[in-house]
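For reference, protein_39.cif is printed below; it contains mmCIF, C-alpha atoms.
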data_work
loop_
_atom_site.label_atom_id
_atom_site.label_comp_id
_atom_site.auth_asym_id
_atom_site.auth_seq_id
_atom_site.Cartn_x
_atom_site.Cartn_y
_atom_site.Cartn_z
CA MET A 10 -53.63 21.33 3.59
CA ASP A 11 -51.63 18.09 3.35
CA SER A 12 -50.88 18.73 -0.31
CA LEU A 13 -49.56 22.23 0.46
CA ASN A 14 -47.24 20.81 3.12
CA SER A 15 -46.16 18.05 0.73
CA GLU A 16 -45.36 20.57 -1.99
CA CYS A 17 -43.30 22.63 0.48
CA VAL A 18 -41.39 19.53 1.61
CA MET A 19 -40.60 18.64 -2.03
CA ALA A 20 -39.43 22.17 -2.83
CA HIS A 21 -37.29 22.35 0.31
CA ALA A 22 -35.81 18.89 -0.31
CA ALA A 23 -34.90 19.76 -3.91
CA GLN A 24 -33.31 23.02 -2.75
CA GLN A 25 -31.31 21.28 0.00
CA LEU A 26 -30.17 18.57 -2.39
CA THR A 27 -28.96 21.12 -4.93
CA THR A 28 -27.23 23.29 -2.34
CA TYR A 29 -25.36 20.47 -0.63
CA THR A 30 -24.38 18.50 -3.73
CA ASN A 31 -23.16 21.65 -5.46
CA GLY A 32 -20.92 22.22 -2.44
CA LEU A 33 -19.18 18.89 -3.06
CA CYS A 34 -17.44 20.21 -6.19
CA ASN A 35 -14.99 22.42 -4.34
CA ASN A 36 -14.80 20.65 -1.01
CA ALA A 37 -12.36 17.86 -0.25
CA ASP A 38 -13.27 17.68 3.45
CA VAL A 39 -14.55 14.17 4.18
CA ARG A 40 -16.62 15.49 7.09
CA TYR A 41 -18.58 17.70 4.66
CA TRP A 42 -19.16 14.74 2.34
CA TRP A 43 -20.60 12.74 5.26
CA LYS A 44 -22.77 15.70 6.19
CA VAL A 45 -24.12 15.74 2.63
CA VAL A 46 -24.90 12.01 2.84
CA ASP A 47 -26.82 12.57 6.09
CA VAL A 48 -28.72 15.65 4.89
CA VAL A 49 -29.66 14.11 1.55
CA TRP A 50 -30.77 10.87 3.23
CA HIS A 51 -32.91 12.83 5.71
CA GLU A 52 -34.57 14.84 2.91
CA LEU A 53 -35.13 11.70 0.82
CA THR A 54 -36.80 9.99 3.79
CA LEU A 55 -39.21 12.93 4.12
CA VAL A 56 -39.91 12.94 0.38
CA ARG A 57 -40.64 9.21 0.30
CA GLY A 58 -43.09 9.60 3.18
CA MET A 59 -44.97 12.49 1.63
CA ALA A 60 -44.96 11.62 -2.09
CA LYS A 61 -48.38 9.98 -1.77
CA ASP A 62 -49.92 13.29 -0.60
CA LEU A 63 -48.96 15.31 -3.68
CA PRO A 64 -51.81 17.05 -5.50
CA ALA A 65 -52.89 16.48 -9.09
CA GLY A 66 -50.61 18.33 -11.49
CA PHE A 67 -47.54 18.34 -9.23
CA ILE A 68 -44.30 17.82 -11.14
CA MET A 69 -41.66 16.02 -9.12
CA PRO A 70 -38.20 17.59 -9.45
CA THR A 71 -35.85 15.38 -11.46
CA SER A 72 -33.20 15.68 -8.76
CA LEU A 73 -35.51 13.98 -6.25
CA MET A 74 -36.26 11.10 -8.60
CA ALA A 75 -32.53 10.69 -9.26
CA THR A 76 -31.79 10.74 -5.54
CA ASP A 77 -34.47 8.15 -4.91
CA GLN A 78 -33.00 5.89 -7.57
CA PHE A 79 -29.28 6.28 -6.82
CA MET A 80 -28.94 7.25 -3.15
CA LEU A 81 -27.68 4.50 -0.85
CA ASP A 82 -28.58 4.18 2.80
CA PRO A 83 -25.80 5.84 4.87
CA THR A 84 -25.06 2.53 6.57
CA MET A 85 -24.33 1.01 3.15
CA VAL A 86 -22.09 3.96 2.28
CA HIS A 87 -20.11 3.32 5.47
CA LYS A 88 -20.00 -0.42 4.82
CA THR A 89 -18.97 -0.25 1.13
CA LYS A 90 -16.79 2.86 1.50
CA GLU A 91 -18.22 4.12 -1.82
CA TRP A 92 -19.84 7.53 -2.15
CA PRO A 93 -23.26 7.84 -3.77
CA LYS A 94 -23.21 8.68 -7.49
CA TRP A 95 -23.40 12.44 -6.94
CA ASP A 96 -22.52 13.32 -10.54
CA VAL A 97 -25.29 11.04 -11.87
CA ILE A 98 -27.79 12.52 -9.41
CA ARG A 99 -26.82 16.09 -10.32
CA ASN A 100 -26.73 15.59 -14.10
CA SER A 101 -29.85 13.46 -14.60
CA LYS A 102 -32.55 14.47 -17.07
CA ASP A 103 -36.31 13.88 -17.02
CA GLU A 104 -36.13 11.30 -19.79
CA ASP A 105 -33.91 9.13 -17.58
CA PHE A 106 -36.85 8.53 -15.23
CA VAL A 107 -39.90 7.86 -17.38
CA ASP A 108 -40.28 4.51 -15.58
CA HIS A 109 -39.84 5.95 -12.09
CA PRO A 110 -43.05 5.82 -10.00
CA TRP A 111 -42.80 9.53 -9.22
CA TYR A 112 -42.43 10.58 -12.87
CA LYS A 113 -46.11 10.28 -13.53
CA ILE A 114 -47.95 10.30 -10.24
CA GLN A 115 -51.58 9.42 -10.83
CA ASP A 116 -54.73 9.89 -8.84
CA GLN A 117 -58.04 8.09 -9.34
CA GLY A 118 -60.56 10.54 -10.74
CA PRO A 119 -64.32 10.32 -11.08
CA GLU A 120 -65.84 7.49 -13.12
CA GLY A 121 -62.76 5.25 -12.87
CA ARG A 122 -60.54 7.54 -14.92
CA VAL A 123 -56.97 8.24 -13.94
CA ARG A 124 -55.96 11.86 -13.62
CA ASP A 125 -52.45 12.74 -14.63
CA LYS A 126 -50.50 14.26 -11.75
CA GLY A 127 -47.19 14.53 -13.51
CA LYS A 128 -45.44 14.82 -16.81
CA GLY A 129 -47.45 12.46 -19.03
CA ARG A 130 -50.85 12.29 -20.67
CA GLU A 131 -54.06 11.12 -19.10
CA VAL A 132 -54.44 7.35 -19.31
CA PRO A 133 -57.79 5.54 -18.96
CA ALA A 134 -58.08 3.21 -16.00
CA VAL A 135 -58.01 -0.50 -16.76
CA ILE A 136 -61.23 -2.13 -15.67
CA ALA A 137 -60.94 -5.86 -15.08
#
What is this structure when it is put down as structure tokens?
Amino acid sequence: MDSLNSECVMAHAAQQLTTYTNGLCNNADVRYWWKVVDVVWHELTLVRGMAKDLPAGFIMPTSLMATDQFMLDPTMVHKTKEWPKWDVIRNSKDEDFVDHPWYKIQDQGPEGRVRDKGKGREVPAVIA
């Protein structure tokens, strides 16, 4: 049940991120831009908390990995007076995040093997 909820949170977060950041293109209202910062930060906080509960085979949306990498805490945005890199977040590709921890989420399988939960191939577990 946790994995189903986690998958729904990821899907909703990706949808919210896309909807709000797409709205930035034609909106010069600073209040809307701050709303986007708050909404995206809220969704990212939920995603970070639930990423560990994702089931084997789940593919993390690229937009969420980009947001995790480039999104600044809203207090930092206020302090620096610089907006997050929305264009980088929106235009990122999978290959930009091969080193991101969510790119290839793994789960320990039976007999010490690692099961691939993402976009890569199965990798044997290292036994020390």
message: Using the chain letters and numbers from this file, what does the PyMOL selection byres ((chain A and resi 29-42) around 12) select? Give the answer as a ChimeraX atom specification.
response: /A:22-28,43-50,52,72,76,83,86-87,90-100
Please evaluate the PyMOL selection byres ((chain A and resi 18) around 12) against the structure above and give the resulting residues as an mmCIF file with C-alpha atoms, in the coordinates of the input.
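This is the output file part17.cif:
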data_model
loop_
_atom_site.group_PDB
_atom_site.id
_atom_site.type_symbol
_atom_site.label_atom_id
_atom_site.label_comp_id
_atom_site.auth_asym_id
_atom_site.auth_seq_id
_atom_site.Cartn_x
_atom_site.Cartn_y
_atom_site.Cartn_z
ATOM 1 C CA ASP A 11 -51.630 18.090 3.350
ATOM 2 C CA SER A 12 -50.880 18.730 -0.310
ATOM 3 C CA LEU A 13 -49.560 22.230 0.460
ATOM 4 C CA ASN A 14 -47.240 20.810 3.120
ATOM 5 C CA SER A 15 -46.160 18.050 0.730
ATOM 6 C CA GLU A 16 -45.360 20.570 -1.990
ATOM 7 C CA CYS A 17 -43.300 22.630 0.480
ATOM 8 C CA MET A 19 -40.600 18.640 -2.030
ATOM 9 C CA ALA A 20 -39.430 22.170 -2.830
ATOM 10 C CA HIS A 21 -37.290 22.350 0.310
ATOM 11 C CA ALA A 22 -35.810 18.890 -0.310
ATOM 12 C CA ALA A 23 -34.900 19.760 -3.910
ATOM 13 C CA GLN A 24 -33.310 23.020 -2.750
ATOM 14 C CA GLN A 25 -31.310 21.280 0.000
ATOM 15 C CA LEU A 26 -30.170 18.570 -2.390
ATOM 16 C CA HIS A 51 -32.910 12.830 5.710
ATOM 17 C CA GLU A 52 -34.570 14.840 2.910
ATOM 18 C CA LEU A 53 -35.130 11.700 0.820
ATOM 19 C CA THR A 54 -36.800 9.990 3.790
ATOM 20 C CA LEU A 55 -39.210 12.930 4.120
ATOM 21 C CA VAL A 56 -39.910 12.940 0.380
ATOM 22 C CA ARG A 57 -40.640 9.210 0.300
ATOM 23 C CA GLY A 58 -43.090 9.600 3.180
ATOM 24 C CA MET A 59 -44.970 12.490 1.630
ATOM 25 C CA ALA A 60 -44.960 11.620 -2.090
ATOM 26 C CA ASP A 62 -49.920 13.290 -0.600
ATOM 27 C CA LEU A 63 -48.960 15.310 -3.680
ATOM 28 C CA MET A 69 -41.660 16.020 -9.120
ATOM 29 C CA PRO A 70 -38.200 17.590 -9.450
ATOM 30 C CA LEU A 73 -35.510 13.980 -6.250
#
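Atom CA of A:Tyr112 to atom CA of A:Lys61 spans 12.6 Å [interatomic distance, one decimal].
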task: May I ask for the distance between atom CA of A:Glu104 and atom CA of A:Phe67, given in Å to one decimal place?
output: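 Distance between the two atoms: 17.1 Å.
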- request: Could you tell me how far atom CA of A:Thr71 lies from atom CA of A:Thr84, in Å and to one decimal?
  value: 24.6 Å
